[in-house]
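Content type TSV, C-alpha atoms, from the file protein27.tsv:
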```tsv
chain	number	residue	atom	x	y	z
A	1	MET	CA	-49.66	57.39	108.12
A	2	SER	CA	-46.96	56.34	105.68
A	3	ASP	CA	-43.32	57.44	106.05
A	4	ALA	CA	-43.76	59.82	103.12
A	5	GLU	CA	-46.83	61.41	104.72
A	6	LYS	CA	-45.00	61.74	108.04
A	7	LEU	CA	-42.10	63.42	106.29
A	8	ARG	CA	-44.40	65.89	104.54
A	9	ALA	CA	-46.12	66.68	107.86
A	10	GLN	CA	-42.74	67.32	109.51
A	11	ILE	CA	-41.73	69.59	106.66
A	12	LYS	CA	-44.95	71.59	106.98
A	13	GLU	CA	-44.30	72.05	110.68
A	14	LEU	CA	-40.77	73.16	109.95
A	15	ILE	CA	-41.95	75.66	107.32
A	16	VAL	CA	-44.46	77.23	109.71
A	17	GLU	CA	-41.97	77.31	112.58
A	18	ARG	CA	-38.90	78.57	110.72
A	19	LEU	CA	-40.73	81.14	108.64
A	20	PHE	CA	-42.91	82.27	111.56
A	21	LEU	CA	-46.01	81.80	109.39
A	22	GLU	CA	-49.38	82.41	110.92
A	23	VAL	CA	-51.06	79.31	109.52
A	24	GLU	CA	-51.53	75.80	110.84
A	25	PRO	CA	-49.12	73.29	109.28
A	26	ASP	CA	-51.95	71.10	107.96
A	27	GLN	CA	-53.37	74.08	106.09
A	28	ILE	CA	-50.44	73.86	103.69
A	29	ALA	CA	-51.32	71.63	100.75
A	30	ASP	CA	-48.71	69.14	99.54
A	31	ASP	CA	-48.52	70.59	96.04
A	32	GLU	CA	-49.25	74.22	96.80
A	33	ASN	CA	-46.66	76.62	95.37
A	34	LEU	CA	-44.91	77.89	98.51
A	35	MET	CA	-43.20	80.82	96.81
A	36	GLU	CA	-46.46	82.22	95.53
A	37	THR	CA	-48.78	81.42	98.44
A	38	TYR	CA	-46.50	82.42	101.29
A	39	ASN	CA	-44.36	85.03	99.51
A	40	ILE	CA	-41.22	83.07	100.25
A	41	ASP	CA	-38.19	85.18	99.45
A	42	SER	CA	-34.47	84.35	99.44
A	43	VAL	CA	-34.19	85.04	103.20
A	44	ASN	CA	-37.05	82.65	103.97
A	45	LEU	CA	-35.60	80.06	101.63
A	46	PHE	CA	-32.27	80.34	103.39
A	47	GLU	CA	-33.94	79.76	106.79
A	48	LEU	CA	-35.76	76.78	105.34
A	49	VAL	CA	-32.60	75.15	104.00
A	50	VAL	CA	-30.78	75.64	107.30
A	51	GLY	CA	-33.81	74.18	109.11
A	52	LEU	CA	-33.98	71.14	106.84
A	53	GLU	CA	-30.33	70.39	107.51
A	54	GLU	CA	-30.73	70.72	111.26
A	55	VAL	CA	-33.99	68.83	111.69
A	56	PHE	CA	-33.36	66.00	109.23
A	57	GLU	CA	-29.60	65.83	109.79
A	58	VAL	CA	-28.84	65.93	106.09
A	59	SER	CA	-26.29	67.95	104.21
A	60	LEU	CA	-27.85	69.75	101.29
A	61	GLU	CA	-25.62	70.46	98.33
A	62	ASP	CA	-25.50	74.01	97.04
A	63	ALA	CA	-25.27	72.59	93.52
A	64	ASP	CA	-28.72	70.99	93.94
A	65	PHE	CA	-30.51	74.26	94.63
A	66	THR	CA	-33.24	75.02	92.13
A	67	VAL	CA	-36.51	76.90	92.50
A	68	GLU	CA	-38.36	73.70	91.66
A	69	THR	CA	-36.77	71.74	94.53
A	70	PHE	CA	-38.25	74.12	97.08
A	71	SER	CA	-41.46	75.06	95.31
A	72	THR	CA	-43.77	72.56	97.04
A	73	VAL	CA	-43.84	70.39	100.16
A	74	THR	CA	-43.91	67.30	97.92
A	75	ASN	CA	-40.74	68.36	96.11
A	76	ILE	CA	-38.92	69.23	99.33
A	77	ALA	CA	-39.94	65.87	100.83
A	78	GLU	CA	-38.67	63.99	97.81
A	79	TYR	CA	-35.38	65.84	97.96
A	80	VAL	CA	-34.93	65.24	101.70
A	81	ALA	CA	-35.85	61.55	101.32
A	82	LYS	CA	-33.23	61.21	98.57
A	83	LYS	CA	-30.60	62.87	100.77
A	84	ARG	CA	-31.44	60.60	103.67
A	85	GLY	CA	-30.83	57.62	101.38
B	1	MET	CA	-42.39	106.97	128.78
B	2	VAL	CA	-39.00	107.56	130.40
B	3	ARG	CA	-36.56	109.33	128.13
B	4	VAL	CA	-32.85	108.85	128.53
B	5	LYS	CA	-30.18	111.31	127.53
B	6	GLU	CA	-28.50	110.38	124.29
B	7	ARG	CA	-25.56	112.14	122.74
B	8	VAL	CA	-23.48	111.64	119.63
B	9	VAL	CA	-19.81	111.18	120.39
B	10	GLU	CA	-16.67	110.61	118.37
B	11	ILE	CA	-14.13	108.04	119.48
B	12	PRO	CA	-10.60	107.96	118.04
B	13	SER	CA	-9.58	104.55	116.71
B	14	GLY	CA	-6.47	103.92	114.64
B	15	ASN	CA	-6.21	106.50	111.90
B	16	ASN	CA	-9.85	107.53	112.09
B	17	ARG	CA	-12.79	108.38	114.31
B	18	LEU	CA	-15.79	106.27	115.17
B	19	HIS	CA	-19.28	107.70	115.11
B	20	ALA	CA	-21.05	106.64	118.30
B	21	VAL	CA	-24.17	107.28	120.35
B	22	TYR	CA	-23.97	107.29	124.15
B	23	HIS	CA	-27.18	106.33	125.94
B	24	ASP	CA	-26.69	107.77	129.39
B	25	GLY	CA	-27.93	105.57	132.21
B	26	GLY	CA	-27.97	108.57	134.57
B	27	ALA	CA	-25.70	110.13	137.16
B	28	ASP	CA	-25.67	107.03	139.36
B	29	ALA	CA	-25.08	104.51	136.57
B	30	GLU	CA	-22.03	102.39	137.40
B	31	TRP	CA	-22.42	99.82	134.65
B	32	GLY	CA	-21.72	100.40	130.99
B	33	MET	CA	-22.32	98.28	127.94
B	34	VAL	CA	-20.55	98.45	124.60
B	35	PHE	CA	-22.66	97.29	121.67
B	36	CYS	CA	-20.76	95.31	119.06
B	37	ASP	CA	-22.67	95.33	115.78
B	38	PRO	CA	-22.98	92.44	113.38
B	39	PHE	CA	-21.55	92.48	109.87
B	40	ALA	CA	-22.79	94.23	106.71
B	41	GLU	CA	-26.51	93.76	105.96
B	42	GLU	CA	-27.08	92.08	109.34
B	43	LYS	CA	-26.16	95.36	111.00
B	44	LYS	CA	-28.68	97.31	108.96
B	45	CYS	CA	-31.46	94.85	109.71
B	46	ALA	CA	-30.61	94.78	113.44
B	47	HIS	CA	-30.29	98.54	113.86
B	48	ARG	CA	-33.74	99.21	115.29
B	49	VAL	CA	-33.55	96.32	117.77
B	50	LEU	CA	-30.15	97.45	119.00
B	51	VAL	CA	-31.35	101.03	119.49
B	52	GLU	CA	-34.40	99.80	121.39
B	53	THR	CA	-32.23	97.55	123.54
B	54	ALA	CA	-29.86	100.40	124.39
B	55	ARG	CA	-32.79	102.62	125.39
B	56	THR	CA	-34.35	99.88	127.52
B	57	LEU	CA	-31.09	99.21	129.34
B	58	ALA	CA	-30.36	102.92	129.83
B	59	VAL	CA	-33.73	103.32	131.56
B	60	ALA	CA	-32.54	100.55	133.89
B	61	ARG	CA	-29.49	102.70	134.75
B	62	LEU	CA	-27.08	100.92	132.46
B	63	SER	CA	-25.24	103.28	130.14
B	64	CYS	CA	-24.89	101.98	126.60
B	65	LEU	CA	-22.54	102.88	123.79
B	66	ARG	CA	-23.43	102.07	120.21
B	67	PHE	CA	-20.83	102.80	117.56
B	68	ASP	CA	-20.10	102.19	113.89
B	69	TYR	CA	-16.94	100.32	112.97
B	70	ARG	CA	-14.45	102.11	110.74
B	71	GLY	CA	-15.74	102.12	107.15
B	72	CYS	CA	-19.29	101.34	108.33
B	73	GLY	CA	-22.37	103.47	108.98
B	74	ASP	CA	-21.47	107.06	109.85
B	75	SER	CA	-17.86	106.34	110.83
B	76	ALA	CA	-15.13	107.58	108.56
B	77	GLY	CA	-13.50	105.46	105.86
B	78	ARG	CA	-14.45	103.09	103.08
B	79	PHE	CA	-15.94	99.70	103.97
B	80	GLU	CA	-13.46	97.87	101.69
B	81	ASP	CA	-10.46	99.36	103.49
B	82	TYR	CA	-11.22	97.75	106.84
B	83	GLY	CA	-11.90	94.30	108.21
B	84	PRO	CA	-12.18	92.31	111.43
B	85	THR	CA	-8.65	93.21	112.58
B	86	GLU	CA	-9.50	96.92	112.63
B	87	TRP	CA	-13.02	96.34	113.94
B	88	VAL	CA	-11.65	94.46	116.95
B	89	GLU	CA	-9.44	97.52	117.59
B	90	ASP	CA	-12.58	99.67	117.32
B	91	ILE	CA	-14.29	97.55	119.98
B	92	LEU	CA	-11.30	98.06	122.26
B	93	ALA	CA	-11.38	101.82	121.62
B	94	ALA	CA	-15.11	101.92	122.44
B	95	ALA	CA	-14.58	99.88	125.61
B	96	ARG	CA	-11.82	102.25	126.76
B	97	TYR	CA	-14.10	105.22	126.08
B	98	MET	CA	-16.83	103.63	128.17
B	99	ARG	CA	-14.42	102.97	131.05
B	100	GLN	CA	-13.46	106.64	131.07
B	101	GLN	CA	-17.04	107.83	131.60
B	102	PRO	CA	-17.72	109.35	135.04
B	103	GLY	CA	-19.09	106.81	137.48
B	104	ILE	CA	-18.73	103.78	135.22
B	105	ARG	CA	-16.95	100.98	137.05
B	106	THR	CA	-18.11	97.83	135.27
B	107	VAL	CA	-18.07	97.45	131.49
B	108	GLY	CA	-19.59	94.66	129.44
B	109	ALA	CA	-20.05	93.81	125.79
B	110	LEU	CA	-23.30	93.13	124.02
B	111	GLY	CA	-22.53	91.59	120.65
B	112	LEU	CA	-24.71	90.24	117.88
B	113	ARG	CA	-23.49	87.62	115.35
B	114	LEU	CA	-20.00	88.60	114.14
B	115	GLY	CA	-20.02	91.47	116.63
B	116	ALA	CA	-20.30	88.98	119.50
B	117	THR	CA	-17.42	87.01	118.05
B	118	MET	CA	-15.25	90.09	117.67
B	119	ALA	CA	-16.07	91.15	121.25
B	120	MET	CA	-14.62	87.84	122.39
B	121	GLN	CA	-11.57	88.36	120.18
B	122	ALA	CA	-11.11	91.84	121.63
B	123	SER	CA	-11.24	90.48	125.15
B	124	GLU	CA	-8.59	87.88	124.22
B	125	LEU	CA	-6.25	90.69	123.21
B	126	HIS	CA	-6.99	92.92	126.19
B	127	ASN	CA	-8.90	91.82	129.23
B	128	ILE	CA	-11.26	94.75	128.88
B	129	PHE	CA	-14.77	93.40	129.46
B	130	ASP	CA	-16.16	92.37	132.83
B	131	PHE	CA	-19.10	90.48	131.37
B	132	ALA	CA	-20.53	89.63	127.99
B	133	LEU	CA	-23.86	89.09	126.33
B	134	LEU	CA	-23.46	87.16	123.12
B	135	TRP	CA	-26.48	87.09	120.86
B	136	GLU	CA	-26.24	84.28	118.33
B	137	PRO	CA	-22.44	84.57	117.99
B	138	VAL	CA	-20.63	83.33	114.87
B	139	VAL	CA	-18.66	80.37	116.19
B	140	ASN	CA	-17.09	79.16	112.95
B	141	GLY	CA	-16.07	81.65	110.26
B	142	GLN	CA	-15.95	79.09	107.43
B	143	HIS	CA	-19.52	78.06	108.18
B	144	TYR	CA	-20.57	81.71	108.33
B	145	LEU	CA	-19.05	82.34	104.89
B	146	LYS	CA	-20.75	79.23	103.54
B	147	LEU	CA	-24.10	80.54	104.76
B	148	ASN	CA	-23.41	83.89	103.09
B	149	LEU	CA	-22.69	82.06	99.84
B	150	ARG	CA	-25.97	80.22	100.24
B	151	ARG	CA	-27.78	83.48	100.76
B	152	SER	CA	-26.31	84.76	97.50
B	153	LEU	CA	-27.28	81.55	95.73
B	154	MET	CA	-30.85	81.78	96.99
B	155	LYS	CA	-31.11	85.37	95.88
B	156	ALA	CA	-29.69	84.59	92.43
B	157	MET	CA	-31.93	81.55	92.13
B	158	LEU	CA	-35.09	83.58	92.77
B	159	THR	CA	-34.12	86.64	90.78
B	160	ASP	CA	-32.38	85.06	87.77
B	161	GLY	CA	-35.02	82.39	87.10
B	162	ASP	CA	-34.04	80.17	84.16
B	163	GLU	CA	-30.75	82.00	83.78
B	164	PHE	CA	-29.64	81.04	87.30
B	165	ALA	CA	-25.99	79.98	87.15
B	166	GLY	CA	-25.07	78.67	90.58
B	167	ASP	CA	-21.55	77.70	89.49
B	168	GLU	CA	-20.78	81.30	88.60
B	169	VAL	CA	-21.94	82.54	92.02
B	170	ARG	CA	-19.84	79.86	93.76
B	171	LYS	CA	-16.76	80.67	91.70
B	172	GLN	CA	-17.15	84.35	92.46
B	173	HIS	CA	-17.35	83.66	96.20
B	174	ASP	CA	-14.31	81.38	96.05
B	175	ARG	CA	-11.95	83.44	93.99
B	176	ALA	CA	-12.99	87.01	93.38
B	177	GLU	CA	-10.97	89.79	94.98
B	178	VAL	CA	-14.21	91.48	96.02
B	179	VAL	CA	-17.49	89.65	96.66
B	180	ASP	CA	-20.88	91.28	96.91
B	181	PHE	CA	-22.57	90.40	100.23
B	182	ASP	CA	-26.02	91.91	99.75
B	183	GLY	CA	-24.55	95.16	98.46
B	184	TYR	CA	-21.43	95.19	100.65
B	185	GLN	CA	-18.16	94.76	98.78
B	186	VAL	CA	-16.28	92.27	100.91
B	187	THR	CA	-12.60	91.86	100.11
B	188	GLN	CA	-10.70	88.61	100.01
B	189	ALA	CA	-8.63	89.74	103.00
B	190	THR	CA	-11.79	90.26	105.06
B	191	ARG	CA	-13.16	86.88	103.97
B	192	GLU	CA	-9.89	85.22	104.93
B	193	GLN	CA	-9.94	86.84	108.35
B	194	ILE	CA	-13.52	85.76	108.90
B	195	GLY	CA	-12.67	82.27	107.64
B	196	GLU	CA	-10.01	81.91	110.32
B	197	ILE	CA	-12.53	82.34	113.14
B	198	ASP	CA	-13.11	79.23	115.20
B	199	LEU	CA	-14.18	80.10	118.74
B	200	LEU	CA	-14.28	76.45	119.80
B	201	GLN	CA	-10.79	75.74	118.49
B	202	ASP	CA	-9.42	78.97	119.90
B	203	GLN	CA	-10.76	78.09	123.35
B	204	THR	CA	-11.76	81.54	124.47
B	205	GLN	CA	-10.27	82.48	127.82
B	206	PHE	CA	-13.00	84.95	128.73
B	207	ALA	CA	-13.48	84.47	132.47
B	208	GLY	CA	-16.24	86.95	133.31
B	209	PRO	CA	-19.93	86.08	133.49
B	210	ALA	CA	-21.32	85.53	130.00
B	211	LEU	CA	-24.70	84.74	128.52
B	212	ILE	CA	-24.90	83.14	125.09
B	213	LEU	CA	-28.36	83.59	123.62
B	214	ASN	CA	-29.33	81.11	120.93
B	215	LEU	CA	-32.07	82.92	119.01
B	216	SER	CA	-34.24	80.77	116.77
B	217	SER	CA	-37.71	79.38	116.28
B	218	ARG	CA	-37.14	76.91	119.12
B	219	ASP	CA	-36.13	77.49	122.72
B	220	GLN	CA	-33.26	75.06	122.33
B	221	VAL	CA	-29.52	75.42	122.47
B	222	THR	CA	-27.39	74.07	119.63
B	223	ASN	CA	-24.42	71.84	120.39
B	224	GLU	CA	-21.95	74.48	119.29
B	225	TYR	CA	-23.33	77.05	121.73
B	226	ARG	CA	-23.44	74.46	124.49
B	227	GLU	CA	-19.78	73.60	123.81
B	228	LEU	CA	-18.83	77.26	123.68
B	229	ALA	CA	-20.47	77.89	127.06
B	230	GLU	CA	-18.69	74.86	128.53
B	231	GLU	CA	-15.35	76.16	127.30
B	232	MET	CA	-15.83	79.51	128.98
B	233	ALA	CA	-15.25	79.72	132.70
B	234	ASN	CA	-18.49	81.36	133.72
B	235	ALA	CA	-20.95	81.19	130.82
B	236	GLU	CA	-24.38	79.78	130.20
B	237	ALA	CA	-26.19	79.21	126.91
B	238	VAL	CA	-29.92	79.78	126.72
B	239	GLY	CA	-32.36	79.22	123.86
B	240	ILE	CA	-34.88	81.97	123.15
B	241	VAL	CA	-37.69	81.91	120.60
B	242	GLN	CA	-36.89	84.96	118.52
B	243	GLU	CA	-37.35	85.68	114.85
B	244	PRO	CA	-33.93	86.40	113.33
B	245	PHE	CA	-34.31	90.18	113.15
B	246	TRP	CA	-30.75	90.54	111.77
B	247	ASN	CA	-32.01	88.88	108.57
B	248	ARG	CA	-35.29	90.75	108.28
B	249	ILE	CA	-35.92	94.03	106.56
B	250	GLY	CA	-39.38	94.57	108.03
B	251	LEU	CA	-40.48	95.20	111.59
B	252	VAL	CA	-39.80	92.26	113.90
B	253	SER	CA	-40.68	92.07	117.57
B	254	SER	CA	-37.60	91.78	119.72
B	255	GLU	CA	-39.39	91.60	123.03
B	256	SER	CA	-38.10	88.16	124.00
B	257	VAL	CA	-34.43	88.85	123.43
B	258	VAL	CA	-34.54	92.26	125.10
B	259	GLU	CA	-36.40	90.85	128.08
B	260	ALA	CA	-33.97	87.93	128.49
B	261	THR	CA	-31.06	90.35	128.28
B	262	ALA	CA	-32.49	92.80	130.81
B	263	LEU	CA	-33.37	90.00	133.24
B	264	TRP	CA	-29.91	88.47	133.10
B	265	LEU	CA	-28.30	91.85	133.63
B	266	ALA	CA	-30.58	92.68	136.55
B	267	GLU	CA	-29.70	89.36	138.15
B	268	LEU	CA	-25.99	89.95	137.53
B	269	GLN	CA	-26.17	93.44	138.98
B	270	GLY	CA	-28.00	92.09	142.02
B	271	GLN	CA	-25.36	89.45	142.61
B	272	THR	CA	-22.35	91.57	141.91
B	273	PRO	CA	-21.40	94.94	143.33
B	274	ALA	CA	-20.30	97.31	140.57
B	275	GLY	CA	-16.61	96.99	139.79
B	276	ALA	CA	-16.29	93.66	141.52
B	277	VAL	CA	-16.87	91.27	138.62
B	278	THR	CA	-13.16	90.99	137.97
B	279	PRO	CA	-11.47	92.94	140.78
B	280	SER	CA	-7.98	92.81	139.29
B	281	ARG	CA	-9.00	94.58	136.10
B	282	ASP	CA	-6.89	97.50	135.02
B	283	LYS	CA	-9.05	100.42	133.92
B	284	GLN	CA	-6.21	101.86	131.87
B	285	GLN	CA	-5.87	98.86	129.56
```
Please go through the file and, once you have read it, give me the structure as structure tokens.
Amino acid sequence: MSDAEKLRAQIKELIVERLFLEVEPDQIADDENLMETYNIDSVNLFELVVGLEEVFEVSLEDADFTVETFSTVTNIAEYVAKKRG
Amino acid sequence: MVRVKERVVEIPSGNNRLHAVYHDGGADAEWGMVFCDPFAEEKKCAHRVLVETARTLAVARLSCLRFDYRGCGDSAGRFEDYGPTEWVEDILAAARYMRQQPGIRTVGALGLRLGATMAMQASELHNIFDFALLWEPVVNGQHYLKLNLRRSLMKAMLTDGDEFAGDEVRKQHDRAEVVDFDGYQVTQATREQIGEIDLLQDQTQFAGPALILNLSSRDQVTNEYRELAEEMANAEAVGIVQEPFWNRIGLVSSESVVEATALWLAELQGQTPAGAVTPSRDKQQ
């Protein structure tokens, strides 16, 4: 498994755990629209951002927040990877 | 199902009266618990869980007092006219009321989020609580405000779509006299008071037994709660898997947090004769 795949798998686990979803992490497709499929609202998104900061020890900038950044696992992974440097 | 007696009471505080509900633990109840609500929308979301907790504890012969801060819920006054300074006074007024109830000899606080923080602030001013249960307390006010800003940004981002202007939301939170926190008009003075909170820096002197419950998707304790527990003379921090019901509008199971709370209290009651947690306490404080 490549580093990018590992990161996406970790993010899927975090999404399921933080949002208390009743699906298995590997059931989430990399490019699935999270907002539409899992009805992610602003409260869920908030939990997700806090979780990303805690688990990956990155500081996310409020100015970076866009719907697109959090729309798919792939986009979130790219954003986290960029923040990790 | 065991039903406990509940009655609506009014408690004088400052220039107003607090609306409160007393959950009577029965004629032989010697322990009382004052519930300290969280802030704004978190209070609304947590209401059902707090009522259920009070009823559960009352069945276990622990009288509970839930109340609305001045300007909140069914208490008198406008929300914008009050802030943490007055709400800490309200907690003290509620604690005094509880101490005056027949048979009650030991009084503790059960606080959620900012309510837990204010319970600690109240006990710094007057040594009024024998023990404390702190559910996910706000340790750092600046961080708490930052998270509230984020919540507003997320909401604006999802509702405004292409017209989302994050800079405007940030500016409003930084400078506006009144900021909308999910429908609650929060004044600059209140934000400043919240921003000054730093429980780790303030080194809380609370000496009674205390349980800090870290409620999240993992049964782990964050560093800040661990440090807070270490600072307090007789506290422990425990991680509980619990969906953050104070952020949820829908029905959320609160079984784990209520169970952990009841167990800790039963253990404390077993170890400690009523009234003997802090023997030097002055009931007239």
query = Could you list, as a PyMOL selection string, every residue of chain A that has an atom within 12 Å of an atom of chain B, counting all atoms listed in the file?
reply = chain A and resi 13-21+35-36+39-51+54-55+60-71
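If only C-alpha atoms are the atoms counted, then among A:Val58, A:Leu52, A:Ala9, A:Ala29 the closest residue to A:Thr72 is A:Ala29.
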ask   = What does the distance from atom CA of B:Tyr225 to atom CA of B:Gln142 come to in Å, to one decimal?
value = 16.2 Å
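Take atom CA of B:Glu86 and atom CA of B:Tyr184: the distance between them is 17.0 Å.
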Please provide the set of residues having any atom within 9 Å of stretch 64-72 of chain B, restricted to only C-alpha atoms, with same-chain residues fewer than 2 positions apart removed, written as a short mmCIF file (atom, residue, chain, number, x, y, z; two decimals) with C-alpha atoms, in the coordinates of the input.
```cif
data_model
loop_
_atom_site.label_atom_id
_atom_site.label_comp_id
_atom_site.auth_asym_id
_atom_site.auth_seq_id
_atom_site.Cartn_x
_atom_site.Cartn_y
_atom_site.Cartn_z
CA VAL B 9 -19.81 111.18 120.39
CA GLU B 10 -16.67 110.61 118.37
CA ILE B 11 -14.13 108.04 119.48
CA SER B 13 -9.58 104.55 116.71
CA ASN B 16 -9.85 107.53 112.09
CA ARG B 17 -12.79 108.38 114.31
CA LEU B 18 -15.79 106.27 115.17
CA HIS B 19 -19.28 107.70 115.11
CA ALA B 20 -21.05 106.64 118.30
CA VAL B 21 -24.17 107.28 120.35
CA TYR B 22 -23.97 107.29 124.15
CA HIS B 23 -27.18 106.33 125.94
CA ASP B 24 -26.69 107.77 129.39
CA GLY B 25 -27.93 105.57 132.21
CA TRP B 31 -22.42 99.82 134.65
CA GLY B 32 -21.72 100.40 130.99
CA MET B 33 -22.32 98.28 127.94
CA VAL B 34 -20.55 98.45 124.60
CA PHE B 35 -22.66 97.29 121.67
CA CYS B 36 -20.76 95.31 119.06
CA ASP B 37 -22.67 95.33 115.78
CA ALA B 40 -22.79 94.23 106.71
CA LEU B 50 -30.15 97.45 119.00
CA VAL B 51 -31.35 101.03 119.49
CA ALA B 54 -29.86 100.40 124.39
CA ARG B 55 -32.79 102.62 125.39
CA LEU B 57 -31.09 99.21 129.34
CA ALA B 58 -30.36 102.92 129.83
CA LEU B 62 -27.08 100.92 132.46
CA ASP B 74 -21.47 107.06 109.85
CA SER B 75 -17.86 106.34 110.83
CA ALA B 76 -15.13 107.58 108.56
CA GLY B 77 -13.50 105.46 105.86
CA ARG B 78 -14.45 103.09 103.08
CA PHE B 79 -15.94 99.70 103.97
CA GLU B 80 -13.46 97.87 101.69
CA ASP B 81 -10.46 99.36 103.49
CA TYR B 82 -11.22 97.75 106.84
CA GLY B 83 -11.90 94.30 108.21
CA GLU B 86 -9.50 96.92 112.63
CA TRP B 87 -13.02 96.34 113.94
CA VAL B 88 -11.65 94.46 116.95
CA ASP B 90 -12.58 99.67 117.32
CA ILE B 91 -14.29 97.55 119.98
CA ALA B 94 -15.11 101.92 122.44
CA ALA B 95 -14.58 99.88 125.61
CA MET B 98 -16.83 103.63 128.17
#
```
query = Hey, what's within 10 Å of B:Gly141 if we count all atoms listed in the file and toss same-chain stuff fewer than 2 positions away? As a VMD selection string, please?
reply = chain B and resid 114 117 138 to 139 143 to 147 191 to 199
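Note that atom CA of B:Leu133 and atom CA of B:Arg96 are 17.8 Å apart.
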Non-local contacts of B:Glu227 (12 Å; all atoms listed in the file; under 5 positions in same chain excluded) as a PyMOL selection string = chain B and resi 139+199-201+203-204+212+221-222+232-233+235-237
Expected file: the selected residues, C-alpha atoms, as a compact mmCIF listing (two decimals), in the coordinates of the input:
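The result, written out as selection38.txt:
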```txt
# COMPACT_ATOMS: atom_id res chain seq x y z
CA VAL B 139 -18.66 80.37 116.19
CA LEU B 199 -14.18 80.10 118.74
CA LEU B 200 -14.28 76.45 119.80
CA GLN B 201 -10.79 75.74 118.49
CA GLN B 203 -10.76 78.09 123.35
CA THR B 204 -11.76 81.54 124.47
CA ILE B 212 -24.90 83.14 125.09
CA VAL B 221 -29.52 75.42 122.47
CA THR B 222 -27.39 74.07 119.63
CA MET B 232 -15.83 79.51 128.98
CA ALA B 233 -15.25 79.72 132.70
CA ALA B 235 -20.95 81.19 130.82
CA GLU B 236 -24.38 79.78 130.20
CA ALA B 237 -26.19 79.21 126.91
```
request  = Select all residues near (-43.2, 70.1, 101.6) (cut-off 8 Å, inclusive, file coordinates), counting all atoms listed in the file, and output them as a VMD selection string.
outcome  = chain A and resid 8 to 9 11 to 12 30 to 31 70 72 to 77
